[in-house]
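coords-v1.csv (CSV, C-alpha atoms) appears below.
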chain,number,residue,atom,x,y,z
A,84,MET,CA,148.9,85.7,211.2
A,85,LYS,CA,152.0,86.9,213.1
A,86,LEU,CA,154.1,84.5,211.1
A,87,LEU,CA,152.7,85.8,207.8
A,88,LEU,CA,153.4,89.4,208.9
A,89,LEU,CA,156.9,88.5,209.8
A,90,LEU,CA,157.5,86.8,206.5
A,91,ALA,CA,156.1,89.8,204.6
A,92,CYS,CA,158.4,92.1,206.5
A,93,ALA,CA,161.3,89.9,205.8
A,94,ALA,CA,160.4,89.7,202.1
A,95,LEU,CA,160.0,93.4,201.5
A,96,PRO,CA,163.6,94.5,201.7
A,97,LEU,CA,164.6,91.5,199.5
A,98,ALA,CA,162.1,92.5,196.9
A,99,ALA,CA,163.3,96.1,197.0
A,100,GLN,CA,166.9,95.2,196.9
A,101,SER,CA,168.6,96.7,193.8
A,102,VAL,CA,170.9,94.6,191.7
A,103,ARG,CA,172.8,97.6,190.5
A,104,PRO,CA,175.9,96.9,192.6
A,105,ARG,CA,176.2,93.5,190.9
A,106,LEU,CA,175.9,95.0,187.5
A,107,GLU,CA,178.2,98.0,187.8
A,108,GLY,CA,181.4,97.6,185.9
A,109,ARG,CA,180.1,94.4,184.3
A,110,VAL,CA,177.3,95.7,182.1
A,111,PRO,CA,177.1,99.0,180.0
A,112,ALA,CA,176.3,101.7,182.5
A,113,ASP,CA,173.5,103.2,180.4
A,114,VAL,CA,171.3,100.1,180.6
A,115,ILE,CA,171.8,99.2,184.2
A,116,PRO,CA,168.8,101.2,185.4
A,117,LEU,CA,166.6,99.5,182.8
A,118,ILE,CA,167.8,96.1,183.7
A,119,ASP,CA,167.4,96.9,187.4
A,120,SER,CA,163.8,97.9,186.8
A,121,ILE,CA,163.0,94.7,185.0
A,122,VAL,CA,164.5,92.7,187.8
A,123,GLN,CA,162.6,94.7,190.4
A,124,ALA,CA,159.3,94.1,188.5
A,125,ALA,CA,160.0,90.4,188.3
A,126,ALA,CA,160.7,90.2,192.0
A,127,ALA,CA,157.4,92.1,192.7
A,128,ASP,CA,155.7,89.5,190.5
A,129,SER,CA,157.3,86.6,192.5
A,130,LEU,CA,159.3,85.5,189.5
A,131,PRO,CA,162.9,84.3,190.0
A,132,THR,CA,165.4,87.1,189.6
A,133,GLU,CA,168.7,85.4,189.6
A,134,PRO,CA,168.4,84.0,186.0
A,135,LEU,CA,167.8,87.6,184.9
A,136,VAL,CA,170.9,88.9,186.6
A,137,GLN,CA,172.9,86.0,185.2
A,138,LYS,CA,171.8,86.8,181.7
A,139,ALA,CA,172.8,90.5,182.1
A,140,LEU,CA,176.2,89.5,183.5
A,141,GLU,CA,176.7,87.0,180.7
A,142,GLY,CA,175.9,89.6,178.1
A,143,GLY,CA,178.3,92.0,179.7
A,144,ALA,CA,181.1,89.4,179.9
A,145,LYS,CA,180.6,88.6,176.2
A,146,HIS,CA,180.8,92.3,175.3
A,147,VAL,CA,177.3,92.3,173.8
A,148,SER,CA,175.7,95.7,173.3
A,149,GLY,CA,173.5,97.2,176.0
A,150,ASP,CA,170.4,96.9,173.8
A,151,ARG,CA,170.9,93.2,173.1
A,152,ILE,CA,171.5,92.6,176.8
A,153,VAL,CA,168.2,94.3,177.7
A,154,LEU,CA,166.4,92.3,174.9
A,155,ALA,CA,167.9,89.0,176.3
A,156,VAL,CA,166.9,89.8,179.9
A,157,ARG,CA,163.3,90.6,178.7
A,158,LEU,CA,163.2,87.4,176.7
A,159,ARG,CA,164.3,85.4,179.8
A,160,ARG,CA,161.7,87.1,181.9
A,161,ASP,CA,159.0,86.2,179.3
A,162,ARG,CA,160.1,82.5,179.5
A,163,LEU,CA,159.9,82.6,183.3
A,164,GLU,CA,156.4,84.0,183.0
A,165,ALA,CA,155.5,81.2,180.5
A,166,ALA,CA,156.9,78.6,182.8
A,167,ARG,CA,154.9,79.9,185.7
A,168,ALA,CA,151.7,79.9,183.6
A,169,LEU,CA,152.5,76.3,182.6
A,170,LEU,CA,152.8,75.2,186.2
A,171,VAL,CA,149.4,76.8,187.0
A,172,ARG,CA,147.8,75.2,183.9
A,173,ALA,CA,149.2,71.8,184.8
A,174,GLY,CA,147.5,72.0,188.2
A,175,ASP,CA,150.8,72.3,190.2
A,176,PRO,CA,149.8,72.9,193.9
A,177,PRO,CA,150.8,76.4,195.1
A,178,PRO,CA,153.1,78.0,196.0
A,179,VAL,CA,154.8,78.5,192.7
A,180,THR,CA,158.3,78.7,193.9
A,181,PRO,CA,161.3,80.2,192.0
A,182,VAL,CA,162.9,76.7,191.9
A,183,LYS,CA,159.8,75.2,190.2
A,184,VAL,CA,159.6,78.0,187.7
A,185,THR,CA,163.3,77.9,186.9
A,186,ALA,CA,163.2,74.1,186.3
A,187,VAL,CA,160.3,74.4,183.9
A,188,ALA,CA,161.8,77.4,182.1
A,189,THR,CA,165.1,75.5,181.7
A,190,ALA,CA,163.4,72.5,180.2
A,191,LEU,CA,161.5,74.7,177.8
A,192,SER,CA,164.6,76.5,176.7
A,193,ARG,CA,166.3,73.1,176.1
A,194,GLY,CA,163.6,72.2,173.7
A,195,VAL,CA,161.2,70.1,175.6
A,196,PRO,CA,157.7,70.8,174.2
A,197,ALA,CA,155.3,72.5,176.6
A,198,PRO,CA,152.7,69.6,176.5
A,199,THR,CA,155.4,67.1,177.5
A,200,VAL,CA,156.5,69.4,180.4
A,201,GLU,CA,152.9,69.7,181.5
A,202,ARG,CA,152.6,65.9,181.5
A,203,VAL,CA,155.7,65.6,183.8
A,204,VAL,CA,154.5,68.4,186.0
A,205,ALA,CA,151.1,66.7,186.4
A,206,GLY,CA,152.7,63.3,187.1
A,207,LEU,CA,155.4,64.2,189.6
A,208,PRO,CA,155.7,66.3,192.7
A,209,ALA,CA,158.1,69.2,192.9
A,210,GLU,CA,161.2,67.6,194.2
A,211,PRO,CA,161.9,64.9,191.6
A,212,ARG,CA,160.5,67.1,188.8
A,213,ALA,CA,163.6,69.0,188.0
A,214,ALA,CA,165.7,65.9,187.7
A,215,ALA,CA,162.9,64.3,185.5
A,216,LEU,CA,162.9,67.3,183.2
A,217,GLN,CA,166.7,67.2,182.9
A,218,ALA,CA,166.6,63.6,181.9
A,219,LEU,CA,163.8,64.2,179.5
A,220,ALA,CA,165.7,67.1,177.9
A,221,ASP,CA,168.8,64.8,177.5
A,222,LEU,CA,166.6,62.2,175.6
A,223,LEU,CA,165.0,64.8,173.4
A,224,ALA,CA,168.5,66.2,172.5
A,225,HIS,CA,169.2,62.7,171.0
A,226,LYS,CA,165.9,62.9,169.1
A,227,PHE,CA,163.9,60.5,171.1
A,228,ASP,CA,160.1,60.7,170.9
A,229,PRO,CA,158.9,63.2,173.6
A,230,ASP,CA,155.9,61.2,174.7
A,231,SER,CA,157.7,57.9,174.9
A,232,SER,CA,160.6,59.6,176.8
A,233,ALA,CA,158.2,61.2,179.3
A,234,GLN,CA,156.5,57.9,179.8
A,235,LEU,CA,159.8,56.2,180.6
A,236,ILE,CA,160.8,58.8,183.2
A,237,LEU,CA,157.4,58.6,184.8
A,238,ASP,CA,157.6,54.8,184.9
A,239,ALA,CA,161.1,55.0,186.5
A,240,ALA,CA,159.7,57.2,189.2
A,241,ARG,CA,156.7,54.9,189.8
A,242,LEU,CA,159.0,51.8,189.9
A,243,GLY,CA,161.1,53.4,192.7
A,244,VAL,CA,164.1,54.8,190.9
A,245,PRO,CA,165.4,57.6,193.1
A,246,HIS,CA,165.2,61.0,191.4
A,247,GLY,CA,168.9,61.4,191.7
A,248,ARG,CA,169.2,58.6,189.2
A,249,PHE,CA,166.8,59.8,186.5
A,250,LEU,CA,169.7,61.1,184.5
A,251,ASP,CA,171.2,57.6,184.6
A,252,VAL,CA,167.9,56.3,183.0
A,253,ALA,CA,168.4,58.7,180.1
A,254,THR,CA,172.1,57.8,179.9
A,255,ALA,CA,171.3,54.1,179.8
A,256,VAL,CA,168.9,54.6,176.9
A,257,ILE,CA,171.4,56.7,175.0
A,258,HIS,CA,174.1,54.1,175.5
A,259,GLU,CA,171.7,51.4,174.3
A,260,MET,CA,171.1,53.4,171.2
A,261,GLN,CA,174.8,54.0,170.7
A,262,ARG,CA,175.3,50.2,170.9
A,263,GLY,CA,173.1,49.8,167.8
A,264,SER,CA,169.5,49.6,169.0
A,265,THR,CA,166.8,51.7,167.4
A,266,ARG,CA,165.4,54.4,169.6
A,267,GLU,CA,162.2,52.5,170.3
A,268,VAL,CA,164.1,49.3,171.2
A,269,ALA,CA,166.5,51.3,173.4
A,270,LEU,CA,163.6,52.8,175.3
A,271,ALA,CA,161.9,49.4,175.7
A,272,ARG,CA,165.0,47.6,176.9
A,273,VAL,CA,165.8,50.1,179.6
A,274,ARG,CA,162.1,50.2,180.6
A,275,ALA,CA,162.2,46.4,180.9
A,276,GLY,CA,165.2,46.5,183.3
A,277,LEU,CA,163.8,49.1,185.7
A,278,PRO,CA,164.3,49.8,188.5
A,279,SER,CA,167.8,48.4,188.1
A,280,LEU,CA,170.3,50.6,186.3
A,281,PRO,CA,174.0,50.4,185.5
A,282,ALA,CA,176.1,52.1,188.2
A,283,PRO,CA,176.8,55.7,187.4
A,284,ALA,CA,180.3,56.8,186.5
A,285,ARG,CA,182.2,58.1,189.5
A,286,PRO,CA,185.3,60.3,189.3
A,287,ALA,CA,188.5,58.7,190.4
A,288,PRO,CA,189.7,59.5,193.9
A,289,LYS,CA,192.7,61.3,192.4
A,290,VAL,CA,190.4,63.5,190.4
A,291,VAL,CA,188.4,64.4,193.5
A,292,SER,CA,191.5,65.1,195.5
A,293,ASN,CA,192.9,67.4,192.8
A,294,ALA,CA,189.6,69.4,192.4
A,295,LYS,CA,189.7,73.1,193.4
A,296,ARG,CA,187.0,75.3,194.6
A,297,PRO,CA,186.6,78.4,192.4
A,298,GLY,CA,188.4,81.4,193.9
A,299,VAL,CA,190.5,79.3,196.2
B,162,MET,CA,287.4,72.2,222.6
B,163,THR,CA,288.7,69.8,220.0
B,164,ASN,CA,291.5,70.5,217.6
B,165,ILE,CA,290.2,70.6,214.0
B,166,ASP,CA,292.6,70.8,211.2
B,167,PRO,CA,292.5,74.3,209.6
B,168,ARG,CA,292.0,72.8,206.2
B,169,VAL,CA,288.8,71.1,207.5
B,170,HIS,CA,287.7,74.6,208.8
B,171,GLU,CA,288.2,76.0,205.4
B,172,ALA,CA,286.2,73.2,203.7
B,173,LEU,CA,283.3,73.7,206.2
B,174,ASP,CA,283.4,77.5,205.5
B,175,GLY,CA,283.2,76.8,201.8
B,176,GLU,CA,286.6,78.2,201.2
B,177,ARG,CA,288.0,75.0,199.8
B,178,PRO,CA,286.2,72.0,198.1
B,179,LEU,CA,285.9,68.8,200.1
B,180,GLU,CA,287.4,66.9,197.2
B,181,SER,CA,290.7,68.7,197.8
B,182,LEU,CA,291.1,67.3,201.3
B,183,PRO,CA,293.1,64.2,202.1
B,184,PRO,CA,290.9,61.2,202.6
B,185,ASP,CA,291.1,61.2,206.5
B,186,LEU,CA,290.3,64.9,206.7
B,187,ARG,CA,287.6,64.6,204.1
B,188,ILE,CA,285.8,61.9,206.2
B,189,GLU,CA,286.1,64.1,209.3
B,190,ALA,CA,284.6,67.1,207.4
B,191,GLU,CA,281.7,65.0,206.1
B,192,ARG,CA,280.9,63.9,209.6
B,193,LEU,CA,280.9,67.4,210.9
B,194,LEU,CA,278.6,68.4,208.0
B,195,GLU,CA,276.1,65.6,208.9
B,196,VAL,CA,276.1,66.8,212.6
B,197,ALA,CA,275.4,70.4,211.5
B,198,ALA,CA,272.5,69.2,209.3
B,199,LEU,CA,271.0,67.2,212.2
B,200,LEU,CA,271.2,70.2,214.5
B,201,ALA,CA,269.5,72.4,211.8
B,202,ALA,CA,266.6,70.0,211.4
B,203,ALA,CA,265.8,69.5,215.1
B,204,PRO,CA,262.7,71.4,216.4
B,205,ALA,CA,263.2,74.3,218.6
B,206,ALA,CA,262.6,73.4,222.2
B,207,ALA,CA,259.5,75.1,223.7
B,208,SER,CA,260.1,77.6,226.3
B,209,VAL,CA,259.3,76.8,229.9
B,210,ALA,CA,256.4,79.3,229.9
B,211,THR,CA,254.8,77.7,226.9
B,212,ARG,CA,255.2,74.2,228.4
B,213,VAL,CA,253.5,75.3,231.7
B,214,MET,CA,250.6,77.1,229.9
B,215,ALA,CA,250.0,73.9,227.9
B,216,HIS,CA,249.3,72.0,231.1
B,217,LEU,CA,246.9,74.6,232.4
B,218,ALA,CA,243.1,73.9,231.7
B,219,ALA,CA,241.6,76.2,229.1
B,220,PRO,CA,238.6,78.3,230.2
B,221,ARG,CA,235.3,76.3,229.7
B,222,PRO,CA,233.1,77.9,227.0
B,223,SER,CA,229.5,78.9,227.9
B,224,ARG,CA,226.6,76.4,227.5
B,225,LEU,CA,225.1,78.4,224.7
B,226,ARG,CA,228.4,78.5,222.9
B,227,ARG,CA,228.8,74.7,223.3
B,228,LEU,CA,225.2,74.2,222.1
B,229,LEU,CA,225.8,76.3,219.0
B,230,GLU,CA,229.1,74.5,218.3
B,231,TRP,CA,227.3,71.2,218.6
B,232,ILE,CA,224.6,72.2,216.2
B,233,ALA,CA,227.0,73.6,213.7
B,234,GLN,CA,229.3,70.6,213.7
B,235,PRO,CA,228.4,67.5,211.7
B,236,GLN,CA,227.0,64.7,214.0
B,237,ALA,CA,226.6,61.1,213.3
B,238,VAL,CA,222.9,60.1,214.0
B,239,THR,CA,222.1,56.4,214.3
B,240,PHE,CA,218.6,54.9,214.5
B,241,HIS,CA,218.1,51.4,215.6
B,242,LEU,CA,214.9,50.3,213.8
B,243,ARG,CA,213.4,46.9,213.2
B,244,PRO,CA,212.9,46.3,209.5
B,245,VAL,CA,209.1,46.3,210.0
B,246,TRP,CA,209.2,49.8,211.3
B,247,SER,CA,211.4,50.9,208.4
B,248,LEU,CA,208.8,49.6,206.0
B,249,ALA,CA,206.0,51.4,207.9
B,250,VAL,CA,207.8,54.7,207.7
B,251,ALA,CA,208.4,54.2,204.0
B,252,ALA,CA,204.7,53.4,203.4
B,253,ALA,CA,203.7,56.5,205.4
B,254,LEU,CA,206.0,58.7,203.3
B,255,ALA,CA,204.6,57.2,200.1
B,256,VAL,CA,201.0,58.0,201.2
B,257,LEU,CA,202.0,61.6,201.9
B,258,ALA,CA,203.6,61.9,198.5
B,259,LEU,CA,200.6,60.5,196.7
B,260,PHE,CA,198.0,62.6,198.6
B,261,PRO,CA,199.6,66.0,199.0
B,262,GLY,CA,197.5,68.4,201.1
B,263,GLY,CA,196.4,66.0,203.7
B,264,GLY,CA,194.1,63.6,201.8
B,265,PRO,CA,191.1,63.7,199.5
B,266,LEU,CA,189.0,66.8,199.2
B,267,GLU,CA,185.9,66.8,201.4
B,268,LEU,CA,182.7,67.5,199.4
B,269,GLY,CA,179.7,69.0,201.0
B,270,PRO,CA,176.2,67.4,200.4
B,271,GLU,CA,175.3,70.1,197.9
B,272,GLU,CA,178.6,69.9,196.0
B,273,GLY,CA,179.9,67.9,193.1
B,274,ILE,CA,182.9,67.7,190.8
B,275,ALA,CA,183.0,69.2,187.3
B,276,GLN,CA,185.7,68.3,184.9
B,277,PHE,CA,186.3,70.8,182.0
B,278,VAL,CA,188.4,69.7,179.0
B,279,LEU,CA,189.1,71.7,175.9
B,280,PRO,CA,191.5,70.8,173.1
B,281,ALA,CA,193.0,74.1,172.0
B,282,SER,CA,196.5,73.7,170.6
B,283,GLY,CA,198.2,77.0,170.2
B,284,ALA,CA,196.2,78.7,172.9
B,285,HIS,CA,198.0,80.8,175.5
B,286,SER,CA,195.3,80.6,178.1
B,287,VAL,CA,191.9,79.0,178.6
B,288,HIS,CA,189.3,79.9,181.2
B,289,VAL,CA,185.8,78.7,182.0
B,290,ALA,CA,183.1,81.2,182.8
B,291,GLY,CA,179.5,80.5,183.6
B,292,SER,CA,176.5,80.9,185.8
B,293,PHE,CA,178.4,79.3,188.6
B,294,ASN,CA,180.9,82.3,188.8
B,295,ASP,CA,178.8,85.2,187.6
B,296,TRP,CA,180.4,84.8,184.1
B,297,ARG,CA,183.7,86.2,185.2
B,298,PRO,CA,186.0,85.3,182.2
B,299,GLY,CA,189.3,85.2,184.0
B,300,ALA,CA,188.4,83.5,187.3
B,301,ILE,CA,188.7,79.8,186.6
B,302,PRO,CA,191.8,78.8,184.5
B,303,LEU,CA,192.3,75.5,182.7
B,304,GLU,CA,195.8,74.1,182.6
B,305,ASP,CA,197.8,72.3,179.9
B,306,ARG,CA,200.4,70.8,182.2
B,307,ASP,CA,201.9,68.3,179.7
B,308,HIS,CA,201.8,70.8,176.8
B,309,ASP,CA,199.7,68.5,174.6
B,310,GLY,CA,197.3,71.2,173.6
B,311,VAL,CA,194.5,69.8,175.8
B,312,TRP,CA,193.4,72.1,178.6
B,313,ARG,CA,191.9,70.8,181.8
B,314,ALA,CA,190.3,71.9,185.1
B,315,THR,CA,188.6,70.0,187.9
B,316,ILE,CA,186.3,72.2,189.9
B,317,VAL,CA,184.0,71.8,192.9
B,318,LEU,CA,180.6,73.4,192.0
B,319,PRO,CA,177.2,73.5,193.6
B,320,VAL,CA,174.8,70.7,192.7
B,321,GLY,CA,172.4,71.8,189.9
B,322,GLN,CA,172.3,72.9,186.4
B,323,HIS,CA,174.8,75.5,185.1
B,324,GLU,CA,175.5,77.2,181.7
B,325,TYR,CA,179.1,77.9,180.7
B,326,MET,CA,181.5,78.7,177.9
B,327,PHE,CA,185.3,78.6,177.5
B,328,VAL,CA,187.3,81.8,177.0
B,329,VAL,CA,190.4,81.3,174.9
B,330,ASP,CA,193.3,83.8,175.1
B,331,GLY,CA,191.1,86.1,177.1
B,332,GLU,CA,188.8,87.2,174.3
B,333,ARG,CA,187.4,84.3,172.2
B,334,TRP,CA,184.3,82.6,173.6
B,335,VAL,CA,184.1,79.0,172.6
B,336,ALA,CA,181.3,76.4,173.3
B,337,ASP,CA,182.4,73.2,174.9
B,338,PRO,CA,182.5,70.7,171.9
B,339,ASN,CA,182.1,67.8,174.3
B,340,ALA,CA,179.3,69.0,176.5
B,341,GLY,CA,176.5,67.0,174.9
B,342,ARG,CA,173.9,69.5,176.2
B,343,TYR,CA,173.5,73.0,174.8
B,344,VAL,CA,171.1,75.9,175.1
B,345,ASP,CA,170.7,79.1,173.0
B,346,ASP,CA,172.4,82.0,174.8
B,347,ASP,CA,170.1,84.6,173.2
B,348,PHE,CA,173.2,86.4,171.9
B,349,GLY,CA,173.6,84.3,168.8
B,350,ARG,CA,175.7,81.5,170.3
B,351,GLU,CA,175.1,78.4,172.3
B,352,ASN,CA,176.1,77.8,176.0
B,353,ALA,CA,177.0,74.4,177.1
B,354,VAL,CA,174.8,73.0,179.9
B,355,LEU,CA,176.4,71.2,182.8
B,356,ILE,CA,174.5,69.2,185.4
B,357,VAL,CA,176.5,68.8,188.6
B,358,ARG,CA,175.3,65.8,190.7
B,359,PRO,CA,176.1,65.1,194.3
B,360,PRO,CA,178.8,62.4,194.9
B,361,SER,CA,177.4,58.9,194.8
B,362,PRO,CA,177.2,57.2,198.2

Take the structure in this file and express it as structure tokens.
Amino acid sequence: MKLLLLLACAALPLAAQSVRPRLEGRVPADVIPLIDSIVQAAAADSLPTEPLVQKALEGGAKHVSGDRIVLAVRLRRDRLEAARALLVRAGDPPPVTPVKVTAVATALSRGVPAPTVERVVAGLPAEPRAAALQALADLLAHKFDPDSSAQLILDAARLGVPHGRFLDVATAVIHEMQRGSTREVALARVRAGLPSLPAPARPAPKVVSNAKRPGV
Amino acid sequence: MTNIDPRVHEALDGERPLESLPPDLRIEAERLLEVAALLAAAPAAASVATRVMAHLAAPRPSRLRRLLEWIAQPQAVTFHLRPVWSLAVAAALAVLALFPGGGPLELGPEEGIAQFVLPASGAHSVHVAGSFNDWRPGAIPLEDRDHDGVWRATIVLPVGQHEYMFVVDGERWVADPNAGRYVDDDFGRENAVLIVRPPSP
């Protein structure tokens, strides 16, 4: 009980925190109060707020009009709500965290059909789910069948492929297709080889040593 | 004193040409001229005081002055190295030249490498902006070091999914043509989607 009280006290200031300072100078001044109120309402509704702030900053950077920015922020909030509803519908065990909601919303916005997302949500626990949805979205972007693609990723998880390598499953299928196989054959061949996969491409040591941290 | 013929005197004083003298007097005049030339060429003898001072020791300069003079003057420095040590020194210098900055970059467990490439010949500047830097258009520049029209940047980013676009010449927003993953940006264009993965073990 004391722990819950402490957590509630800690969460209150976060929920009430205004995002105006982050938006000032970056977004048309006349729409900042409206965007701030949308963000505050989302926080009160336990929805992720960072995607909303990012959408507003993106619109400001691209010199989009204030009205369109507000529209895009509202649209994103609606997608987050839809993602949360999907998680509940698929029987995802609570709590519905911002990370889970964001992963589902991103998959939906990348074109993965809601029933396919629901199938993955029902079949996988939270941690590998985001990676599974990313791999699924990659396959669907190459016009693979949603159900067959979802089955492949679920099979990969069941056969012990680490979730950090789900993207490599999708990449292997796409490469198989690019070598001349039909989509069905490409899916079947990679499925037959699981859990073994080609080694992922690694950046050369010189590339790593030349990398810079933003702002440094 | 010696008796010199007055005609020789006149020749030595330039009052009469040597050729007008009889042969015996002419030889005598030429000898006298040689002696005069030798006396004129001899160095002047140093005075006694100068010779004494030369033998006295000059005052010794201070240690600091001697040190400064030693540093300022060229010195021959000789190392006696076995060839194997020379090779080791050369190898160490080569490693330092190949890995400037003290070696490869250390990545955190929640960090990965992202490589951005955009062919944009004729562009004066290219930047990348995205959800990883609050969409700040001028914060992360790409470079075209070899002036082939292909702009590149290699950046350390947090692991996860990011959306981004390129900004050409500070005003033109361009989708990454090589991203392979795209999502509607809700402003009438498409953002590229980048998935940053942790470094493989």

Which residues, written as a VMD selection string, have at least one atom at most 10 Å from B:Trp334, with all atoms listed in the file counted and residues fewer than 3 positions away on the same chain left out? (chain A and resid 144 to 145) or (chain B and resid 287 to 290 298 325 to 331 337 350 352)

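Nearest-residue note for A:Val291: choosing from B:Val317, B:Leu225, B:Val169, B:Ala249, the minimum distance belongs to B:Val317, counting all atoms listed in the file.
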
Counting only C-alpha atoms, the option among A:Asp119, A:Glu141, A:Asp150, A:Asp161 closest to chain B: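 Using only C-alpha atoms, chain B sits closest to A:Glu141.
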
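What chain B places within 7 Å of chain A, counting all atoms listed in the file, is Gly264, Pro265, Leu266, Ile274, Ser292, Asp295, Trp296, Arg297, Pro298, Ala300, Ile301, Thr315, Ile316, Val317, Val344 and Asp347 of chain B.
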
Atomic distance atom CA of A:Leu191 - atom CA of A:Leu216, expressed in Å with one decimal: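 Value for the atom CA of A:Leu191-atom CA of A:Leu216 distance: 9.3 Å.
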
What's the separation between atom CA of A:Val252 and atom CA of A:Asp228, in Å to one decimal place?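 So the answer is 15.1 Å.
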
Rounded to one decimal place, report the atom CA of B:Ala252-atom CA of B:Leu268 distance in Å.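 For atom CA of B:Ala252 relative to atom CA of B:Leu268, the distance reads 26.4 Å.
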
A:Pro116 surroundings by only C-alpha atoms, 10 Å radius, close-in-sequence under 6 positions cut, as a list in words: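 Surrounding residues, per the criterion: Ser101, Val102, Arg103, Leu106 and Val122 of chain A.
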
Which is closer to B:His170 than all the others in B:Ala190, B:Val335, B:Ala251, B:Ala353, using all atoms listed in the file? B:Ala190

Given the choices B:Gly283, B:Asn294, B:Gln276, B:Val196, which gets closest to B:Leu355 if the distance is worked out from only C-alpha atoms?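 Of B:Gly283, B:Asn294, B:Gln276, B:Val196, the one nearest B:Leu355, counting only C-alpha atoms, is B:Gln276.
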